[in-house]
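Worksheet: the structure to be examined is printed underneath.
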Amino acid sequence: GVEVSTQHANFIVNPGGVGSGTATDIMRLIAQIQERVAEVCGVQLECEVQLVGDW
């Protein structure tokens, strides 16, 4: 799976290496982060990542 970096919270890392985390896993984590920040802080984060392909 993927997780937020312990060294810099603005990075998502795949600690298991190639094949253990997918693009879908990353998008799910981004959505979870956005939802949590909205609940706790009342701020809507915008995703700066440009998505390529079919989602």
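Going through the structure tokens in order, the chains are called A, B, and so on, while each chain numbers its residues from 1 and the ligands are numbered from 1 in the order shown.
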
Using DSSP secondary structure from the backbone, list all helix (DSSP H, G or I) positions within chain A, as an mmCIF file with N, CA and C atoms, in the first residue's frame.
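That gives us part-v4.cif:
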```
data_model
loop_
_atom_site.group_PDB
_atom_site.id
_atom_site.type_symbol
_atom_site.label_atom_id
_atom_site.label_comp_id
_atom_site.auth_asym_id
_atom_site.auth_seq_id
_atom_site.Cartn_x
_atom_site.Cartn_y
_atom_site.Cartn_z
ATOM 1 N N ALA A 23 -1.883 3.288 -8.469
ATOM 2 C CA ALA A 23 -2.371 4.654 -8.654
ATOM 3 C C ALA A 23 -3.721 4.823 -7.965
ATOM 4 N N THR A 24 -4.540 3.792 -7.998
ATOM 5 C CA THR A 24 -5.836 3.843 -7.317
ATOM 6 C C THR A 24 -5.644 3.979 -5.813
ATOM 7 N N ASP A 25 -4.666 3.280 -5.253
ATOM 8 C CA ASP A 25 -4.361 3.416 -3.825
ATOM 9 C C ASP A 25 -3.983 4.857 -3.491
ATOM 10 N N ILE A 26 -3.195 5.465 -4.349
ATOM 11 C CA ILE A 26 -2.775 6.848 -4.131
ATOM 12 C C ILE A 26 -3.983 7.775 -4.165
ATOM 13 N N MET A 27 -4.858 7.608 -5.140
ATOM 14 C CA MET A 27 -6.037 8.469 -5.243
ATOM 15 C C MET A 27 -6.967 8.286 -4.048
ATOM 16 N N ARG A 28 -7.090 7.070 -3.559
ATOM 17 C CA ARG A 28 -7.915 6.829 -2.366
ATOM 18 C C ARG A 28 -7.323 7.532 -1.147
ATOM 19 N N LEU A 29 -6.012 7.469 -1.007
ATOM 20 C CA LEU A 29 -5.358 8.136 0.117
ATOM 21 C C LEU A 29 -5.532 9.650 0.017
ATOM 22 N N ILE A 30 -5.384 10.199 -1.175
ATOM 23 C CA ILE A 30 -5.594 11.636 -1.365
ATOM 24 C C ILE A 30 -7.012 12.016 -0.951
ATOM 25 N N ALA A 31 -7.997 11.232 -1.361
ATOM 26 C CA ALA A 31 -9.392 11.510 -1.000
ATOM 27 C C ALA A 31 -9.597 11.442 0.508
ATOM 28 N N GLN A 32 -8.989 10.459 1.161
ATOM 29 C CA GLN A 32 -9.102 10.339 2.622
ATOM 30 C C GLN A 32 -8.492 11.551 3.318
ATOM 31 N N ILE A 33 -7.356 11.993 2.835
ATOM 32 C CA ILE A 33 -6.695 13.162 3.418
ATOM 33 C C ILE A 33 -7.575 14.396 3.238
ATOM 34 N N GLN A 34 -8.110 14.585 2.037
ATOM 35 C CA GLN A 34 -8.974 15.734 1.774
ATOM 36 C C GLN A 34 -10.199 15.723 2.687
ATOM 37 N N GLU A 35 -10.826 14.565 2.851
ATOM 38 C CA GLU A 35 -12.011 14.453 3.703
ATOM 39 C C GLU A 35 -11.681 14.764 5.156
ATOM 40 N N ARG A 36 -10.581 14.231 5.643
ATOM 41 C CA ARG A 36 -10.192 14.434 7.049
ATOM 42 C C ARG A 36 -9.858 15.894 7.332
ATOM 43 N N VAL A 37 -9.116 16.524 6.434
ATOM 44 C CA VAL A 37 -8.779 17.936 6.618
ATOM 45 C C VAL A 37 -10.048 18.788 6.591
ATOM 46 N N ALA A 38 -10.976 18.470 5.706
ATOM 47 C CA ALA A 38 -12.239 19.210 5.644
ATOM 48 C C ALA A 38 -13.019 19.062 6.948
ATOM 49 N N GLU A 39 -13.064 17.841 7.495
ATOM 50 C CA GLU A 39 -13.782 17.593 8.751
ATOM 51 C C GLU A 39 -13.147 18.329 9.923
ATOM 52 N N VAL A 40 -11.841 18.225 10.045
ATOM 53 C CA VAL A 40 -11.133 18.745 11.216
ATOM 54 C C VAL A 40 -10.879 20.252 11.117
ATOM 55 N N CYS A 41 -10.493 20.707 9.934
ATOM 56 C CA CYS A 41 -10.055 22.102 9.778
ATOM 57 C C CYS A 41 -11.048 22.986 9.028
#
```

List the spatial neighbours of Val2 (chain A) as a tab-separated table (two decimals) with N, CA and C atoms, in the first residue's frame - criterion: any atom at most 9 Å away, only C-alpha atoms, same-chain residues fewer than 2 positions off excluded.
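Now in selection07.tsv:
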```tsv
chain	number	residue	atom	x	y	z
A	4	VAL	N	1.46	8.36	3.75
A	4	VAL	CA	2.06	9.68	3.81
A	4	VAL	C	3.48	9.53	4.36
A	12	ILE	N	3.54	11.32	-0.81
A	12	ILE	CA	2.97	9.99	-0.63
A	12	ILE	C	4.02	9.00	-1.12
A	13	VAL	N	4.29	8.00	-0.30
A	13	VAL	CA	5.34	7.03	-0.63
A	13	VAL	C	4.75	5.63	-0.74
A	14	ASN	N	5.50	4.78	-1.42
A	14	ASN	CA	5.13	3.39	-1.61
A	14	ASN	C	6.23	2.55	-0.95
A	15	PRO	N	6.17	2.38	0.37
A	15	PRO	CA	7.28	1.73	1.09
A	15	PRO	C	7.50	0.27	0.73
A	16	GLY	N	6.51	-0.37	0.14
A	16	GLY	CA	6.65	-1.78	-0.22
A	16	GLY	C	7.35	-2.00	-1.54
A	20	SER	N	3.50	-2.83	-5.01
A	20	SER	CA	2.74	-3.00	-3.77
A	20	SER	C	1.66	-1.94	-3.61
A	21	GLY	N	1.80	-0.81	-4.27
A	21	GLY	CA	0.80	0.25	-4.21
A	21	GLY	C	0.46	0.68	-5.62
A	22	THR	N	-0.81	0.98	-5.85
A	22	THR	CA	-1.26	1.34	-7.19
A	22	THR	C	-1.66	2.81	-7.26
A	25	ASP	N	-4.67	3.28	-5.25
A	25	ASP	CA	-4.36	3.42	-3.82
A	25	ASP	C	-3.98	4.86	-3.49
A	26	ILE	N	-3.19	5.46	-4.35
A	26	ILE	CA	-2.77	6.85	-4.13
A	26	ILE	C	-3.98	7.77	-4.16
A	29	LEU	N	-6.01	7.47	-1.01
A	29	LEU	CA	-5.36	8.14	0.12
A	29	LEU	C	-5.53	9.65	0.02
```

- Query: In Å, with one decimal, what is the gap from CA of Phe11 (chain A) to CA of Gln50 (chain A)?
  - Reply: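 A separation of 14.8 Å between them.
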
- Message: Can you measure CA of Ala9 (chain A) to CA of Cys47 (chain A) for me? One decimal in Å is fine.
- Response: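 Interatomic distance here is 14.1 Å.
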
- What are the DSSP strand (DSSP E or B) residues of chain A, as a VMD selection string? chain A and resid 3 to 4 12 to 13

How would the residues just chosen look if you wrote them out with C-alpha atoms as a CSV table (one decimal), in the first residue's frame?
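Wrote out-v7.csv, looks like this:
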```
chain,number,residue,atom,x,y,z
A,3,GLU,CA,1.2,6.1,2.9
A,4,VAL,CA,2.1,9.7,3.8
A,12,ILE,CA,3.0,10.0,-0.6
A,13,VAL,CA,5.3,7.0,-0.6
```
